[in-house]
file data.pdb (PDB, C-alpha atoms)
ATOM      1  CA  MET F1137     -29.129   9.952   4.165  1.00  0.00           C
ATOM      2  CA  LYS F1138     -25.700   8.341   3.809  1.00  0.00           C
ATOM      3  CA  THR F1139     -27.237   5.202   2.279  1.00  0.00           C
ATOM      4  CA  LEU F1140     -29.173   7.302  -0.211  1.00  0.00           C
ATOM      5  CA  TYR F1141     -26.025   9.229  -1.174  1.00  0.00           C
ATOM      6  CA  LEU F1142     -24.052   6.021  -1.744  1.00  0.00           C
ATOM      7  CA  PHE F1143     -26.904   4.508  -3.740  1.00  0.00           C
ATOM      8  CA  LEU F1144     -27.197   7.579  -5.979  1.00  0.00           C
ATOM      9  CA  LEU F1145     -23.434   7.800  -6.501  1.00  0.00           C
ATOM     10  CA  THR F1146     -23.293   4.120  -7.467  1.00  0.00           C
ATOM     11  CA  LEU F1147     -26.337   4.502  -9.731  1.00  0.00           C
ATOM     12  CA  LEU F1148     -24.809   7.482 -11.547  1.00  0.00           C
ATOM     13  CA  VAL F1149     -21.646   5.529 -12.253  1.00  0.00           C
ATOM     14  CA  ALA F1150     -23.611   2.443 -13.312  1.00  0.00           C
ATOM     15  CA  ILE F1151     -25.660   4.366 -15.900  1.00  0.00           C
ATOM     16  CA  GLY F1152     -22.651   6.244 -17.159  1.00  0.00           C
ATOM     17  CA  ALA F1153     -23.547   9.671 -15.839  1.00  0.00           C
ATOM     18  CA  ARG F1154     -20.403  11.674 -15.333  1.00  0.00           C
ATOM     19  CA  ALA F1155     -19.938  13.321 -12.024  1.00  0.00           C
ATOM     20  CA  ALA F1156     -17.098  15.784 -12.088  1.00  0.00           C
ATOM     21  CA  THR F1157     -14.907  15.704  -9.005  1.00  0.00           C
ATOM     22  CA  PRO F1158     -11.709  17.552  -9.956  1.00  0.00           C
ATOM     23  CA  ILE F1159      -8.384  16.095  -8.892  1.00  0.00           C
ATOM     24  CA  ARG F1160      -7.048  19.645  -8.639  1.00  0.00           C
ATOM     25  CA  GLY F1161      -7.974  21.849  -5.726  1.00  0.00           C
ATOM     26  CA  VAL F1162      -7.176  22.605  -2.108  1.00  0.00           C
ATOM     27  CA  CYS F1163      -7.580  20.151   0.769  1.00  0.00           C
ATOM     28  CA  GLN F1164     -10.888  20.623   2.567  1.00  0.00           C
ATOM     29  CA  VAL F1165      -9.919  18.383   5.502  1.00  0.00           C
ATOM     30  CA  ASP F1166      -6.888  19.045   7.688  1.00  0.00           C
ATOM     31  CA  SER F1167      -4.258  16.450   8.529  1.00  0.00           C
ATOM     32  CA  THR F1168      -5.419  16.058  12.144  1.00  0.00           C
ATOM     33  CA  ALA F1169      -8.908  15.040  10.994  1.00  0.00           C
ATOM     34  CA  MET F1170      -7.409  12.748   8.320  1.00  0.00           C
ATOM     35  CA  THR F1171      -5.295  11.024  10.972  1.00  0.00           C
ATOM     36  CA  ALA F1172      -8.263  10.582  13.322  1.00  0.00           C
ATOM     37  CA  PHE F1173     -10.337   9.134  10.492  1.00  0.00           C
ATOM     38  CA  VAL F1174      -7.749   6.549   9.424  1.00  0.00           C
ATOM     39  CA  ARG F1175      -6.999   5.621  13.046  1.00  0.00           C
ATOM     40  CA  GLN F1176     -10.600   4.396  13.406  1.00  0.00           C
ATOM     41  CA  TYR F1177      -9.566   1.525  11.135  1.00  0.00           C
ATOM     42  CA  ASN F1178      -5.823   1.427  11.788  1.00  0.00           C
ATOM     43  CA  PRO F1179      -4.776   2.662  15.235  1.00  0.00           C
ATOM     44  CA  ASN F1180      -1.108   2.444  14.162  1.00  0.00           C
ATOM     45  CA  PHE F1181      -1.492   4.945  11.311  1.00  0.00           C
ATOM     46  CA  ASP F1182       1.426   7.393  11.172  1.00  0.00           C
ATOM     47  CA  PRO F1183       0.184  11.026  11.267  1.00  0.00           C
ATOM     48  CA  ALA F1184       3.212  12.053   9.178  1.00  0.00           C
ATOM     49  CA  ILE F1185       1.467  10.415   6.217  1.00  0.00           C
ATOM     50  CA  ALA F1186      -1.634  12.598   6.602  1.00  0.00           C
ATOM     51  CA  ARG F1187       0.531  15.708   7.017  1.00  0.00           C
ATOM     52  CA  ALA F1188       2.411  14.818   3.824  1.00  0.00           C
ATOM     53  CA  PHE F1189      -0.810  14.338   1.837  1.00  0.00           C
ATOM     54  CA  HIS F1190      -2.060  17.712   3.053  1.00  0.00           C
ATOM     55  CA  GLU F1191       1.174  19.655   2.495  1.00  0.00           C
ATOM     56  CA  ILE F1192       2.333  18.058  -0.756  1.00  0.00           C
ATOM     57  CA  GLY F1193      -1.174  18.015  -2.190  1.00  0.00           C
ATOM     58  CA  ASN F1194      -1.522  21.753  -1.569  1.00  0.00           C
ATOM     59  CA  ARG F1195       1.945  22.415  -3.032  1.00  0.00           C
ATOM     60  CA  TYR F1196       0.824  20.773  -6.298  1.00  0.00           C
ATOM     61  CA  GLY F1197      -2.753  22.060  -6.203  1.00  0.00           C
ATOM     62  CA  ILE F1198      -4.017  18.474  -5.866  1.00  0.00           C
ATOM     63  CA  ARG F1199      -6.774  17.425  -3.447  1.00  0.00           C
ATOM     64  CA  GLY F1200      -4.493  15.683  -0.958  1.00  0.00           C
ATOM     65  CA  ASP F1201      -7.459  14.772   1.247  1.00  0.00           C
ATOM     66  CA  ILE F1202      -9.055  12.804  -1.593  1.00  0.00           C
ATOM     67  CA  ALA F1203      -5.642  11.379  -2.570  1.00  0.00           C
ATOM     68  CA  LEU F1204      -5.391  10.050   1.005  1.00  0.00           C
ATOM     69  CA  CYS F1205      -8.731   8.300   0.409  1.00  0.00           C
ATOM     70  CA  GLN F1206      -7.272   6.772  -2.744  1.00  0.00           C
ATOM     71  CA  ALA F1207      -4.289   5.540  -0.708  1.00  0.00           C
ATOM     72  CA  ILE F1208      -6.684   4.086   1.889  1.00  0.00           C
ATOM     73  CA  LEU F1209      -8.160   1.978  -0.898  1.00  0.00           C
ATOM     74  CA  GLU F1210      -4.760   1.001  -2.303  1.00  0.00           C
ATOM     75  CA  THR F1211      -3.133   0.095   1.036  1.00  0.00           C
ATOM     76  CA  GLY F1212      -6.032  -1.361   3.009  1.00  0.00           C
ATOM     77  CA  TRP F1213      -6.173   1.531   5.480  1.00  0.00           C
ATOM     78  CA  PHE F1214      -2.355   1.680   5.497  1.00  0.00           C
ATOM     79  CA  ARG F1215      -2.216  -1.826   6.999  1.00  0.00           C
ATOM     80  CA  PHE F1216      -0.754  -3.231   3.764  1.00  0.00           C
ATOM     81  CA  ASP F1217      -2.606  -6.527   4.169  1.00  0.00           C
ATOM     82  CA  ASN F1218      -5.309  -8.544   2.383  1.00  0.00           C
ATOM     83  CA  GLY F1219      -3.441  -8.852  -0.909  1.00  0.00           C
ATOM     84  CA  THR F1220      -1.752  -5.450  -1.016  1.00  0.00           C
ATOM     85  CA  ALA F1221       1.312  -5.883  -3.234  1.00  0.00           C
ATOM     86  CA  VAL F1222       3.537  -3.402  -1.395  1.00  0.00           C
ATOM     87  CA  ALA F1223       4.973  -3.286   2.120  1.00  0.00           C
ATOM     88  CA  PRO F1224       4.960  -0.323   4.543  1.00  0.00           C
ATOM     89  CA  SER F1225       8.743   0.082   4.248  1.00  0.00           C
ATOM     90  CA  GLN F1226       8.333   0.874   0.522  1.00  0.00           C
ATOM     91  CA  HIS F1227       6.385   4.097   1.245  1.00  0.00           C
ATOM     92  CA  ASN F1228       4.392   3.216  -1.878  1.00  0.00           C
ATOM     93  CA  TYR F1229       0.849   4.377  -1.166  1.00  0.00           C
ATOM     94  CA  CYS F1230      -0.738   3.522  -4.503  1.00  0.00           C
ATOM     95  CA  GLY F1231       0.816   0.271  -5.693  1.00  0.00           C
ATOM     96  CA  MET F1232       2.952   2.216  -8.158  1.00  0.00           C
ATOM     97  CA  GLY F1233       4.893  -0.169 -10.378  1.00  0.00           C
ATOM     98  CA  VAL F1234       2.645  -3.147  -9.633  1.00  0.00           C
ATOM     99  CA  ILE F1235       1.549  -4.171 -13.107  1.00  0.00           C
ATOM    100  CA  LYS F1236       0.724  -7.823 -12.511  1.00  0.00           C
ATOM    101  CA  THR F1237       0.430 -10.298  -9.674  1.00  0.00           C
ATOM    102  CA  GLY F1238       3.809 -10.947  -8.127  1.00  0.00           C
ATOM    103  CA  ASP F1239       5.254  -7.504  -8.847  1.00  0.00           C
ATOM    104  CA  SER F1240       6.612  -5.813  -5.733  1.00  0.00           C
ATOM    105  CA  GLY F1241       6.207  -2.234  -6.928  1.00  0.00           C
ATOM    106  CA  CYS F1242       8.343   0.869  -6.519  1.00  0.00           C
ATOM    107  CA  ASN F1243      10.310   1.767  -3.400  1.00  0.00           C
ATOM    108  CA  PHE F1244      10.524   5.285  -2.027  1.00  0.00           C
ATOM    109  CA  GLU F1245      12.965   6.385   0.668  1.00  0.00           C
ATOM    110  CA  SER F1246      10.512   8.244   2.900  1.00  0.00           C
ATOM    111  CA  VAL F1247       6.884   9.097   3.574  1.00  0.00           C
ATOM    112  CA  GLU F1248       7.386  12.426   1.771  1.00  0.00           C
ATOM    113  CA  ALA F1249       8.919  10.781  -1.302  1.00  0.00           C
ATOM    114  CA  GLY F1250       6.141   8.187  -1.511  1.00  0.00           C
ATOM    115  CA  VAL F1251       3.382  10.753  -1.165  1.00  0.00           C
ATOM    116  CA  THR F1252       5.131  13.054  -3.650  1.00  0.00           C
ATOM    117  CA  ALA F1253       5.278  10.233  -6.218  1.00  0.00           C
ATOM    118  CA  LEU F1254       1.544   9.560  -5.842  1.00  0.00           C
ATOM    119  CA  ILE F1255       0.667  13.281  -6.026  1.00  0.00           C
ATOM    120  CA  GLN F1256       2.924  13.712  -9.077  1.00  0.00           C
ATOM    121  CA  HIS F1257       1.210  10.783 -10.780  1.00  0.00           C
ATOM    122  CA  LEU F1258      -2.177  12.407 -10.162  1.00  0.00           C
ATOM    123  CA  TYR F1259      -0.724  15.712 -11.396  1.00  0.00           C
ATOM    124  CA  ALA F1260       0.407  14.080 -14.629  1.00  0.00           C
ATOM    125  CA  TYR F1261      -3.057  12.641 -15.185  1.00  0.00           C
ATOM    126  CA  CYS F1262      -5.014  15.794 -14.380  1.00  0.00           C
ATOM    127  CA  CYS F1263      -3.040  18.502 -16.188  1.00  0.00           C
ATOM    128  CA  SER F1264      -0.279  19.284 -18.638  1.00  0.00           C
ATOM    129  CA  ASP F1265       1.314  22.069 -16.563  1.00  0.00           C
ATOM    130  CA  GLU F1266       4.985  22.026 -15.642  1.00  0.00           C
ATOM    131  CA  LEU F1267       5.772  20.823 -12.115  1.00  0.00           C
ATOM    132  CA  PRO F1268       5.552  23.531  -9.465  1.00  0.00           C
ATOM    133  CA  GLU F1269       8.737  25.575  -9.230  1.00  0.00           C
ATOM    134  CA  GLY F1270      11.525  23.816  -7.355  1.00  0.00           C
ATOM    135  CA  GLU F1271       9.973  20.352  -7.653  1.00  0.00           C
ATOM    136  CA  VAL F1272      11.754  17.418  -9.304  1.00  0.00           C
ATOM    137  CA  ILE F1273      10.171  14.293 -10.718  1.00  0.00           C
ATOM    138  CA  ILE F1274      10.187  11.440  -8.210  1.00  0.00           C
ATOM    139  CA  ASP F1275       7.405   9.413  -9.843  1.00  0.00           C
ATOM    140  CA  PRO F1276       9.187   6.830 -12.034  1.00  0.00           C
ATOM    141  CA  ARG F1277       6.044   6.449 -14.181  1.00  0.00           C
ATOM    142  CA  TYR F1278       5.369  10.183 -14.649  1.00  0.00           C
ATOM    143  CA  LYS F1279       6.445  10.279 -18.296  1.00  0.00           C
ATOM    144  CA  LEU F1280       4.296   7.246 -19.138  1.00  0.00           C
ATOM    145  CA  VAL F1281       1.059   9.105 -18.412  1.00  0.00           C
ATOM    146  CA  LYS F1282      -0.900  10.825 -21.172  1.00  0.00           C
ATOM    147  CA  ARG F1283      -0.786  14.300 -19.633  1.00  0.00           C
ATOM    148  CA  GLY F1284      -4.156  15.861 -18.832  1.00  0.00           C
ATOM    149  CA  SER F1285      -6.109  12.721 -19.730  1.00  0.00           C
ATOM    150  CA  ALA F1286      -7.923  12.486 -16.377  1.00  0.00           C
ATOM    151  CA  PRO F1287      -8.810  15.859 -14.838  1.00  0.00           C
ATOM    152  CA  CYS F1288     -11.406  14.285 -12.514  1.00  0.00           C
ATOM    153  CA  TRP F1289     -11.281  11.362 -10.092  1.00  0.00           C
ATOM    154  CA  GLU F1290     -13.949   9.594 -12.152  1.00  0.00           C
ATOM    155  CA  ASP F1291     -11.607   9.709 -15.176  1.00  0.00           C
ATOM    156  CA  LEU F1292      -9.095   7.422 -13.434  1.00  0.00           C
ATOM    157  CA  VAL F1293     -11.302   4.388 -14.113  1.00  0.00           C
ATOM    158  CA  GLY F1294      -9.698   2.474 -16.957  1.00  0.00           C
ATOM    159  CA  ARG F1295      -6.486   4.453 -16.593  1.00  0.00           C
ATOM    160  CA  TRP F1296      -5.242   4.081 -13.020  1.00  0.00           C
ATOM    161  CA  ALA F1297      -7.345   1.016 -12.250  1.00  0.00           C
ATOM    162  CA  MET F1298      -9.597  -1.258 -14.260  1.00  0.00           C
ATOM    163  CA  ASN F1299     -12.124  -1.628 -11.433  1.00  0.00           C
ATOM    164  CA  THR F1300     -15.225   0.237 -12.660  1.00  0.00           C
ATOM    165  CA  ALA F1301     -16.058   1.221  -9.067  1.00  0.00           C
ATOM    166  CA  TYR F1302     -12.555   2.612  -8.394  1.00  0.00           C
ATOM    167  CA  ALA F1303     -13.517   6.301  -8.324  1.00  0.00           C
ATOM    168  CA  VAL F1304     -16.788   5.579  -6.511  1.00  0.00           C
ATOM    169  CA  ASN F1305     -14.869   3.764  -3.775  1.00  0.00           C
ATOM    170  CA  ILE F1306     -12.394   6.652  -3.424  1.00  0.00           C
ATOM    171  CA  LEU F1307     -15.220   9.177  -3.225  1.00  0.00           C
ATOM    172  CA  ILE F1308     -17.201   7.059  -0.754  1.00  0.00           C
ATOM    173  CA  ASN F1309     -14.129   7.088   1.501  1.00  0.00           C
ATOM    174  CA  TYR F1310     -13.910  10.846   1.015  1.00  0.00           C
ATOM    175  CA  GLU F1311     -17.575  11.291   1.938  1.00  0.00           C
ATOM    176  CA  ARG F1312     -16.941   9.274   5.098  1.00  0.00           C
ATOM    177  CA  LEU F1313     -13.843  11.364   5.856  1.00  0.00           C
ATOM    178  CA  THR F1314     -15.704  14.654   5.513  1.00  0.00           C
ATOM    179  CA  ARG F1315     -18.558  13.421   7.693  1.00  0.00           C
ATOM    180  CA  HIS F1316     -16.051  12.294  10.322  1.00  0.00           C
ATOM    181  CA  ALA F1317     -14.314  15.673  10.142  1.00  0.00           C
ATOM    182  CA  GLY F1318     -17.645  17.476  10.498  1.00  0.00           C
ATOM    183  CA  ASN F1319     -17.349  19.140   7.094  1.00  0.00           C
ATOM    184  CA  ARG F1320     -20.782  17.913   5.957  1.00  0.00           C
TER     185      ARG F1320
END
call {"tool": "encode", "arguments": {"input": "data.pdb", "output": "structure tokens"}}
result
Amino acid sequence: MKTLYLFLLTLLVAIGARAATPIRGVCQVDSTAMTAFVRQYNPNFDPAIARAFHEIGNRYGIRGDIALCQAILETGWFRFDNGTAVAPSQHNYCGMGVIKTGDSGCNFESVEAGVTALIQHLYAYCCSDELPEGEVIIDPRYKLVKRGSAPCWEDLVGRWAMNTAYAVNILINYERLTRHAGNR
């Protein structure tokens, strides 16, 4: 069944069919299940990162569980190896500020700041609303985004990343996460 799902998802993207997986929404997977999932591939994963994705994502109305799956892709399961341009101490979970090979990317002072910057970047792409009350812009690239230009994860292809399988890979990780969590 899983193989069939992955095949169909890849086929839909390849033929240009548009699945619509909104960036906005509420986390469907809790931080404990997110931590357990990532620890299958990185036993040193810090559970504070999963908690931040869950809490900050919900504060902004962004699917923090899927955003975690995006960060998995960007950081190599939070191991920051195999060509990842940022280091763990940067708390940069999406390669923010890495425009070309050799760039070191943005630095954030804490897990919460790094996750907030990623969630704010997604927020800028998916809507044109003001930030939630009491929030301040941490994302240094927030004002560079064409607001509301990517309301769905599939819309990030060609905007966030040039890889045509970018959204598919995020959503495959999410499918694996939900299966691991027992949500499907």
call {"tool": "resolve_selection", "arguments": {"input": "data.pdb", "expression": "the PyMOL selection byres ((chain F and resi 1284) around 9)", "output": "ChimeraX atom specification"}}
result
/F:1259-1265,1281-1283,1285-1287
call {"tool": "atom_distance", "arguments": {"input": "data.pdb", "atom1": "CA of His1316 (chain F)", "atom2": "CA of Leu1258 (chain F)"}}
result
24.7 Å
call {"tool": "resolve_selection", "arguments": {"input": "data.pdb", "expression": "the PyMOL selection byres ((chain F and resi 1309) around 9)", "output": "list of chain:residue names"}}
result
F:Ile1202, F:Cys1205, F:Gln1206, F:Ile1208, F:Leu1209, F:Val1304, F:Asn1305, F:Ile1306, F:Leu1307, F:Ile1308, F:Tyr1310, F:Glu1311, F:Arg1312, F:Leu1313, F:Thr1314
call {"tool": "write_last_selection", "arguments": {"input": "data.pdb", "atoms": "C-alpha atoms", "output": "short mmCIF file (atom, residue, chain, number, x, y, z; two decimals), in the frame of the given file"}}
result
data_model
loop_
_atom_site.label_atom_id
_atom_site.label_comp_id
_atom_site.auth_asym_id
_atom_site.auth_seq_id
_atom_site.Cartn_x
_atom_site.Cartn_y
_atom_site.Cartn_z
CA ILE F 1202 -9.06 12.80 -1.59
CA CYS F 1205 -8.73 8.30 0.41
CA GLN F 1206 -7.27 6.77 -2.74
CA ILE F 1208 -6.68 4.09 1.89
CA LEU F 1209 -8.16 1.98 -0.90
CA VAL F 1304 -16.79 5.58 -6.51
CA ASN F 1305 -14.87 3.76 -3.78
CA ILE F 1306 -12.39 6.65 -3.42
CA LEU F 1307 -15.22 9.18 -3.22
CA ILE F 1308 -17.20 7.06 -0.75
CA TYR F 1310 -13.91 10.85 1.01
CA GLU F 1311 -17.58 11.29 1.94
CA ARG F 1312 -16.94 9.27 5.10
CA LEU F 1313 -13.84 11.36 5.86
CA THR F 1314 -15.70 14.65 5.51
#
call {"tool": "resolve_selection", "arguments": {"input": "data.pdb", "expression": "the PyMOL selection byres ((chain F and resi 1245) around 12)", "output": "PyMOL selection string"}}
result
chain F and resi 1224-1228+1242-1244+1246-1253+1274
call {"tool": "closest_atom_pairs", "arguments": {"input": "data.pdb", "of": "region 1206-1228 of chain F", "to": "region 1180-1183 of chain F", "cutoff": "9 Å", "atoms": "only C-alpha atoms", "output": "Markdown table"}}
result
| residue | atom | partner | partner_atom | distance |
| --- | --- | --- | --- | --- |
| F:Trp1213 | CA | F:Phe1181 | CA | 8.2 |
| F:Phe1214 | CA | F:Phe1181 | CA | 6.7 |
| F:Arg1215 | CA | F:Phe1181 | CA | 8.1 |
call {"tool": "atom_distance", "arguments": {"input": "data.pdb", "atom1": "CA of Asp1291 (chain F)", "atom2": "CA of Arg1160 (chain F)"}}
result
12.7 Å
call {"tool": "residues_near_point", "arguments": {"input": "data.pdb", "point": "(-1.8, 11.7, 2.3)", "cutoff": "9 Å", "atoms": "all atoms listed in the file", "output": "number ranges by chain"}}
result
F: 1167, 1170, 1184-1193, 1200-1207, 1229, 1251, 1255
call {"tool": "write_last_selection", "arguments": {"input": "data.pdb", "atoms": "C-alpha atoms", "output": "short mmCIF file (atom, residue, chain, number, x, y, z; two decimals), keeping the file's coordinate frame"}}
result
data_model
loop_
_atom_site.label_atom_id
_atom_site.label_comp_id
_atom_site.auth_asym_id
_atom_site.auth_seq_id
_atom_site.Cartn_x
_atom_site.Cartn_y
_atom_site.Cartn_z
CA SER F 1167 -4.26 16.45 8.53
CA MET F 1170 -7.41 12.75 8.32
CA ALA F 1184 3.21 12.05 9.18
CA ILE F 1185 1.47 10.42 6.22
CA ALA F 1186 -1.63 12.60 6.60
CA ARG F 1187 0.53 15.71 7.02
CA ALA F 1188 2.41 14.82 3.82
CA PHE F 1189 -0.81 14.34 1.84
CA HIS F 1190 -2.06 17.71 3.05
CA GLU F 1191 1.17 19.66 2.50
CA ILE F 1192 2.33 18.06 -0.76
CA GLY F 1193 -1.17 18.02 -2.19
CA GLY F 1200 -4.49 15.68 -0.96
CA ASP F 1201 -7.46 14.77 1.25
CA ILE F 1202 -9.06 12.80 -1.59
CA ALA F 1203 -5.64 11.38 -2.57
CA LEU F 1204 -5.39 10.05 1.00
CA CYS F 1205 -8.73 8.30 0.41
CA GLN F 1206 -7.27 6.77 -2.74
CA ALA F 1207 -4.29 5.54 -0.71
CA TYR F 1229 0.85 4.38 -1.17
CA VAL F 1251 3.38 10.75 -1.16
CA ILE F 1255 0.67 13.28 -6.03
#
call {"tool": "build_atoms", "arguments": {"input": "data.pdb", "residues": "region 1294-1312 of chain F", "atoms": "N, CA, C and O atoms", "output": "PDB file, in the coordinates of the input"}}
result
ATOM      1  N   GLY F1294     -10.210   2.903 -15.669  1.00  0.00           N
ATOM      2  CA  GLY F1294      -9.698   2.474 -16.957  1.00  0.00           C
ATOM      3  C   GLY F1294      -8.314   3.019 -17.260  1.00  0.00           C
ATOM      4  O   GLY F1294      -7.705   2.641 -18.251  1.00  0.00           O
ATOM      5  N   ARG F1295      -7.837   3.911 -16.422  1.00  0.00           N
ATOM      6  CA  ARG F1295      -6.486   4.453 -16.593  1.00  0.00           C
ATOM      7  C   ARG F1295      -5.605   4.025 -15.416  1.00  0.00           C
ATOM      8  O   ARG F1295      -4.601   3.379 -15.596  1.00  0.00           O
ATOM      9  N   TRP F1296      -6.001   4.430 -14.214  1.00  0.00           N
ATOM     10  CA  TRP F1296      -5.242   4.081 -13.020  1.00  0.00           C
ATOM     11  C   TRP F1296      -5.587   2.661 -12.590  1.00  0.00           C
ATOM     12  O   TRP F1296      -4.726   1.899 -12.183  1.00  0.00           O
ATOM     13  N   ALA F1297      -6.868   2.335 -12.673  1.00  0.00           N
ATOM     14  CA  ALA F1297      -7.345   1.016 -12.250  1.00  0.00           C
ATOM     15  C   ALA F1297      -8.474   0.576 -13.173  1.00  0.00           C
ATOM     16  O   ALA F1297      -9.242   1.394 -13.660  1.00  0.00           O
ATOM     17  N   MET F1298      -8.558  -0.715 -13.386  1.00  0.00           N
ATOM     18  CA  MET F1298      -9.597  -1.258 -14.260  1.00  0.00           C
ATOM     19  C   MET F1298     -10.930  -1.445 -13.529  1.00  0.00           C
ATOM     20  O   MET F1298     -11.967  -1.559 -14.166  1.00  0.00           O
ATOM     21  N   ASN F1299     -10.914  -1.467 -12.225  1.00  0.00           N
ATOM     22  CA  ASN F1299     -12.124  -1.628 -11.433  1.00  0.00           C
ATOM     23  C   ASN F1299     -13.084  -0.480 -11.752  1.00  0.00           C
ATOM     24  O   ASN F1299     -12.752   0.687 -11.538  1.00  0.00           O
ATOM     25  N   THR F1300     -14.268  -0.796 -12.256  1.00  0.00           N
ATOM     26  CA  THR F1300     -15.225   0.237 -12.660  1.00  0.00           C
ATOM     27  C   THR F1300     -15.767   1.030 -11.470  1.00  0.00           C
ATOM     28  O   THR F1300     -16.310   2.110 -11.658  1.00  0.00           O
ATOM     29  N   ALA F1301     -15.605   0.510 -10.265  1.00  0.00           N
ATOM     30  CA  ALA F1301     -16.058   1.221  -9.067  1.00  0.00           C
ATOM     31  C   ALA F1301     -14.904   1.952  -8.370  1.00  0.00           C
ATOM     32  O   ALA F1301     -15.064   2.442  -7.259  1.00  0.00           O
ATOM     33  N   TYR F1302     -13.748   2.030  -9.024  1.00  0.00           N
ATOM     34  CA  TYR F1302     -12.555   2.612  -8.394  1.00  0.00           C
ATOM     35  C   TYR F1302     -12.813   4.031  -7.880  1.00  0.00           C
ATOM     36  O   TYR F1302     -12.607   4.326  -6.700  1.00  0.00           O
ATOM     37  N   ALA F1303     -13.276   4.917  -8.731  1.00  0.00           N
ATOM     38  CA  ALA F1303     -13.517   6.301  -8.324  1.00  0.00           C
ATOM     39  C   ALA F1303     -14.633   6.379  -7.294  1.00  0.00           C
ATOM     40  O   ALA F1303     -14.543   7.155  -6.337  1.00  0.00           O
ATOM     41  N   VAL F1304     -15.681   5.592  -7.476  1.00  0.00           N
ATOM     42  CA  VAL F1304     -16.788   5.579  -6.511  1.00  0.00           C
ATOM     43  C   VAL F1304     -16.266   5.211  -5.131  1.00  0.00           C
ATOM     44  O   VAL F1304     -16.598   5.859  -4.136  1.00  0.00           O
ATOM     45  N   ASN F1305     -15.405   4.193  -5.064  1.00  0.00           N
ATOM     46  CA  ASN F1305     -14.869   3.764  -3.775  1.00  0.00           C
ATOM     47  C   ASN F1305     -13.990   4.843  -3.140  1.00  0.00           C
ATOM     48  O   ASN F1305     -14.037   5.051  -1.927  1.00  0.00           O
ATOM     49  N   ILE F1306     -13.203   5.535  -3.944  1.00  0.00           N
ATOM     50  CA  ILE F1306     -12.394   6.652  -3.424  1.00  0.00           C
ATOM     51  C   ILE F1306     -13.313   7.731  -2.866  1.00  0.00           C
ATOM     52  O   ILE F1306     -13.122   8.225  -1.747  1.00  0.00           O
ATOM     53  N   LEU F1307     -14.331   8.089  -3.630  1.00  0.00           N
ATOM     54  CA  LEU F1307     -15.220   9.177  -3.225  1.00  0.00           C
ATOM     55  C   LEU F1307     -16.127   8.792  -2.066  1.00  0.00           C
ATOM     56  O   LEU F1307     -16.505   9.654  -1.253  1.00  0.00           O
ATOM     57  N   ILE F1308     -16.461   7.521  -1.935  1.00  0.00           N
ATOM     58  CA  ILE F1308     -17.201   7.059  -0.754  1.00  0.00           C
ATOM     59  C   ILE F1308     -16.322   7.235   0.486  1.00  0.00           C
ATOM     60  O   ILE F1308     -16.781   7.725   1.525  1.00  0.00           O
ATOM     61  N   ASN F1309     -15.044   6.862   0.373  1.00  0.00           N
ATOM     62  CA  ASN F1309     -14.129   7.088   1.501  1.00  0.00           C
ATOM     63  C   ASN F1309     -14.035   8.568   1.820  1.00  0.00           C
ATOM     64  O   ASN F1309     -13.986   8.961   2.989  1.00  0.00           O
ATOM     65  N   TYR F1310     -13.995   9.406   0.788  1.00  0.00           N
ATOM     66  CA  TYR F1310     -13.910  10.846   1.015  1.00  0.00           C
ATOM     67  C   TYR F1310     -15.171  11.368   1.707  1.00  0.00           C
ATOM     68  O   TYR F1310     -15.091  12.192   2.619  1.00  0.00           O
ATOM     69  N   GLU F1311     -16.312  10.899   1.291  1.00  0.00           N
ATOM     70  CA  GLU F1311     -17.575  11.291   1.938  1.00  0.00           C
ATOM     71  C   GLU F1311     -17.538  10.913   3.418  1.00  0.00           C
ATOM     72  O   GLU F1311     -17.928  11.705   4.289  1.00  0.00           O
ATOM     73  N   ARG F1312     -17.058   9.721   3.706  1.00  0.00           N
ATOM     74  CA  ARG F1312     -16.941   9.274   5.098  1.00  0.00           C
ATOM     75  C   ARG F1312     -15.951  10.148   5.863  1.00  0.00           C
ATOM     76  O   ARG F1312     -16.184  10.486   7.025  1.00  0.00           O
TER      77      ARG F1312
END
